[in-house]
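Scroll down for the structure; my scribbles are underneath it.
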Amino acid sequence: MDSTAMSMPAGATQFTLPDTSLAEDQLLERQRRWLEFLNRDNNVNADATELERIILNDKPRLVVSMDHIREFDAELAEQLMAEPAEFIPGLEAAATEAGRAAAVRAGVALDAGQFRVAVGFSGAFGTHHVTPRGLRARQLGRLVCVEGIVTRCSLVRPKVERSVHYAAATRTFFAKTYRDQSSGGTGFSSAYPTADDKGHALTTEFGLSRYTDHQTINIQEMPERAPPGQLPRGVDVVLDGDLVDAVKPGDRVAIVGVYRALGGKATTAAAAIFRTVLMAGAVRVFGAGSLAATKPSSGVSSGIPGAMALTEGDITNIHAIAKRTDAFELLAQSLAPSICGHAEIKRAVLLQQLGGVEKNLENGTHIRGDVNVLMVGDPSTAKSQLLRY
């Protein structure tokens, strides 16, 4: 490590100061502590096994259980939830280092310059487990778990992480790394260069630049958890990298991330109101009809995004049910099994899910095959619960 000598008066003791800042020393110390956590029990633990799976399956995200961290060091778990911006970078650096070591043990070749392990969290969060209505100013900058229903998903767009530019006049390449408010940390830089320091025009080399996927979704409070007479509240969630397209509108999710306030042009001294978002680190979906639950990990996949992966047993059962004469009644009775009665309504909802037959008449009339259902009834008669299916 480079060091700088201090000039001292004659006869005084001479000493050196390390050429590292206090923040760098803290990051290295936290990284060392996280390495101890990942390598505990001689690498025989759930997180080490997950790291090996990440290396083999090329999945760059490690989901760590908060319960495991509490067992290792309860104080470290509390510090992580209170100051995630200070402790997550050290964990990601430690996970990347441990992942490279796991790749060497497994004989897997990795691009050391490009390989990075992102980190998410699961497990119990205590008072940090809230709904969108429970998010307050005291949660800003903290690690929280928010439950709700996805109401809106934006398009997936590329976000530049590192751009490479070429100056034809000097035959020189330039590179710039970008950080915005959704990247975490400090030192934001988003100005896109068009000329070098001497005024020579720069041409972007798109093939050499690096991008990541970026998406914004909105999750809303679950209707059954909203106070009577009040509208459900929501919060915007930012998804990056492998988390994009993991959910669709209507999914019930639990998202773990950092609740942050973002500044903008509308934020002035006269109106110090900030937009708040949840920077997602892990997404867990309830139910088997979600995109996350239908990603083909095993079984037969159709290759269509969001299509359910069927096993050989599923296909055998489908053929067996198709041969039954009471297949329609069986499916109708299987719909919303926790709700008794409403046999006619269940048949109508089943027909809506199956759809009708699209027709094109000889006179040019087009009849859609969609089936619409209008459900009218008294309060508390399971209308919303039926529509969940």
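The way I read the labels, and the way they are meant: chains A, B, ... in the order of the structure tokens, residue 1 as the first residue of every chain, and ligand 1 as the first ligand shown, with later ones counted on from there.
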(request) DSSP on the backbone, then: every residue of stretch 46-100 of chain A marked alpha helix (DSSP H), written as a PyMOL selection string. (result) chain A and resi 46-57+66-72+74-82+84-100
(request) Name the residues in contact with stretch 167-180 of chain A at a cut-off of 12 Å, using only C-alpha atoms, excluding same-chain residues fewer than 6 positions from it; report them as a VMD selection string. (result) chain A and resid 159 to 161 186 to 206 208 to 212 262 to 264
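Note that the spacing between atom CA of A:Ala322 and atom CA of A:Ile367 amounts to 27.1 Å.
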(message) Give me the residues near stretch 274-284 of chain A as a VMD selection string, where near means some atom within 6 Å (using only C-alpha atoms) and where sequence neighbours in that chain fewer than 4 positions away do not count.
(response) chain A and resid 120 236 to 239 253 to 263
Next, dump the selected residues to file, keeping only C-alpha atoms, as a short mmCIF file (atom, residue, chain, number, x, y, z; two decimals), in the first residue's frame.
data_model
loop_
_atom_site.label_atom_id
_atom_site.label_comp_id
_atom_site.auth_asym_id
_atom_site.auth_seq_id
_atom_site.Cartn_x
_atom_site.Cartn_y
_atom_site.Cartn_z
CA GLY A 120 -31.11 -9.36 -2.20
CA ASP A 236 -43.26 3.15 -7.06
CA VAL A 237 -40.63 0.41 -7.23
CA VAL A 238 -37.46 0.48 -9.35
CA LEU A 239 -36.29 -2.86 -10.80
CA VAL A 253 -45.73 -9.51 -4.14
CA ALA A 254 -43.37 -8.89 -1.24
CA ILE A 255 -40.51 -6.65 -2.34
CA VAL A 256 -37.40 -6.12 -0.24
CA GLY A 257 -35.38 -3.01 -0.93
CA VAL A 258 -34.19 0.38 0.23
CA TYR A 259 -36.82 3.12 0.63
CA ARG A 260 -35.29 6.30 -0.79
CA ALA A 261 -36.15 9.90 -1.59
CA LEU A 262 -35.18 11.20 -5.01
CA GLY A 263 -34.53 14.84 -5.77
#
(message) So that I can see what lies close to stretch 70-79 of chain A, please list as JSON, numbers by chain the residues with an atom at most 10 Å from it, counting only C-alpha atoms and leaving out residues fewer than 6 positions away in the same chain.
(response) {"A": [30, 33, 34, 36, 37, 38, 40, 86, 87, 125, 142, 143]}
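Residue nearest A:Arg233, chosen from A:Val150, A:Gly356, A:Val104, A:Ala93 and counting only C-alpha atoms: A:Val150.
Every protein, DNA or RNA residue with an atom at most 9 Å from A:Pro89, where only C-alpha atoms count and chain neighbours fewer than 3 positions away do not, is listed here: Leu27, Arg30, Gln31, Pro84, Ala85, Glu86, Glu92, Ala93, Ala94 and Gly185 of chain A.
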For all heavy atoms, I'd like the residues from the last selection saved as a short mmCIF file (atom, residue, chain, number, x, y, z; two decimals), in the first residue's frame.
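In the end it all went to selection17.cif:
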data_model
loop_
_atom_site.label_atom_id
_atom_site.label_comp_id
_atom_site.auth_asym_id
_atom_site.auth_seq_id
_atom_site.Cartn_x
_atom_site.Cartn_y
_atom_site.Cartn_z
N LEU A 27 -15.15 0.32 4.41
CA LEU A 27 -15.64 -0.60 3.39
C LEU A 27 -14.85 -1.91 3.42
O LEU A 27 -15.42 -3.01 3.35
CB LEU A 27 -15.55 0.04 2.00
CG LEU A 27 -15.96 -0.85 0.82
CD1 LEU A 27 -17.42 -1.28 0.96
CD2 LEU A 27 -15.75 -0.13 -0.50
N ARG A 30 -15.86 -3.90 6.54
CA ARG A 30 -17.17 -4.53 6.38
C ARG A 30 -17.10 -5.67 5.37
O ARG A 30 -17.75 -6.71 5.56
CB ARG A 30 -18.19 -3.48 5.94
CG ARG A 30 -18.52 -2.49 7.05
CD ARG A 30 -19.21 -1.26 6.51
NE ARG A 30 -19.45 -0.30 7.57
CZ ARG A 30 -19.72 1.00 7.35
NH1 ARG A 30 -19.79 1.46 6.10
NH2 ARG A 30 -19.92 1.82 8.36
N GLN A 31 -16.32 -5.49 4.31
CA GLN A 31 -16.16 -6.57 3.34
C GLN A 31 -15.53 -7.80 3.99
O GLN A 31 -15.93 -8.93 3.72
CB GLN A 31 -15.31 -6.09 2.16
CG GLN A 31 -15.10 -7.15 1.09
CD GLN A 31 -14.29 -6.62 -0.07
OE1 GLN A 31 -14.09 -5.41 -0.23
NE2 GLN A 31 -13.79 -7.52 -0.91
N PRO A 84 -28.52 0.43 5.08
CA PRO A 84 -28.19 -0.47 3.97
C PRO A 84 -27.20 0.11 2.97
O PRO A 84 -26.41 -0.63 2.39
CB PRO A 84 -29.55 -0.75 3.33
CG PRO A 84 -30.41 0.42 3.73
CD PRO A 84 -29.94 0.81 5.09
N ALA A 85 -27.23 1.43 2.76
CA ALA A 85 -26.31 2.04 1.81
C ALA A 85 -24.86 1.91 2.25
O ALA A 85 -23.95 1.95 1.42
CB ALA A 85 -26.66 3.52 1.60
N GLU A 86 -24.63 1.73 3.55
CA GLU A 86 -23.28 1.60 4.07
C GLU A 86 -22.81 0.15 4.09
O GLU A 86 -21.60 -0.10 4.01
CB GLU A 86 -23.21 2.19 5.50
CG GLU A 86 -23.57 3.65 5.59
CD GLU A 86 -22.56 4.54 4.87
OE1 GLU A 86 -21.38 4.13 4.79
OE2 GLU A 86 -22.96 5.61 4.39
N GLU A 92 -21.88 -6.98 -1.31
CA GLU A 92 -21.79 -7.31 -2.73
C GLU A 92 -20.34 -7.55 -3.14
O GLU A 92 -20.06 -8.46 -3.94
CB GLU A 92 -22.41 -6.19 -3.56
CG GLU A 92 -23.93 -6.08 -3.41
CD GLU A 92 -24.52 -5.01 -4.29
OE1 GLU A 92 -23.77 -4.09 -4.68
OE2 GLU A 92 -25.73 -5.08 -4.59
N ALA A 93 -19.40 -6.76 -2.61
CA ALA A 93 -17.99 -6.98 -2.92
C ALA A 93 -17.51 -8.32 -2.36
O ALA A 93 -16.78 -9.06 -3.03
CB ALA A 93 -17.15 -5.84 -2.35
N ALA A 94 -17.96 -8.66 -1.16
CA ALA A 94 -17.59 -9.94 -0.57
C ALA A 94 -18.21 -11.10 -1.34
O ALA A 94 -17.55 -12.13 -1.57
CB ALA A 94 -18.02 -9.99 0.90
N GLY A 185 -25.55 5.08 -3.32
CA GLY A 185 -24.30 5.76 -3.05
C GLY A 185 -24.38 7.25 -3.34
O GLY A 185 -25.44 7.85 -3.42
#
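Nearest to A:Met81 of all the residues A:Leu386, A:Val235, A:Cys145, A:Val349 is A:Cys145, based on only C-alpha atoms.
Atom pair atom CA of A:Glu50 / atom CA of A:Leu62 has a distance of 7.0 Å (rounded to one decimal).
Atom CA of A:Gly123 to atom CA of A:Val63 spans 9.8 Å [interatomic distance, one decimal].
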(message) Calculated over only C-alpha atoms, which of the candidates A:Ala320, A:Leu335, A:Met375, A:Val247 has the smallest distance to A:Gln353?
(response) A:Leu335
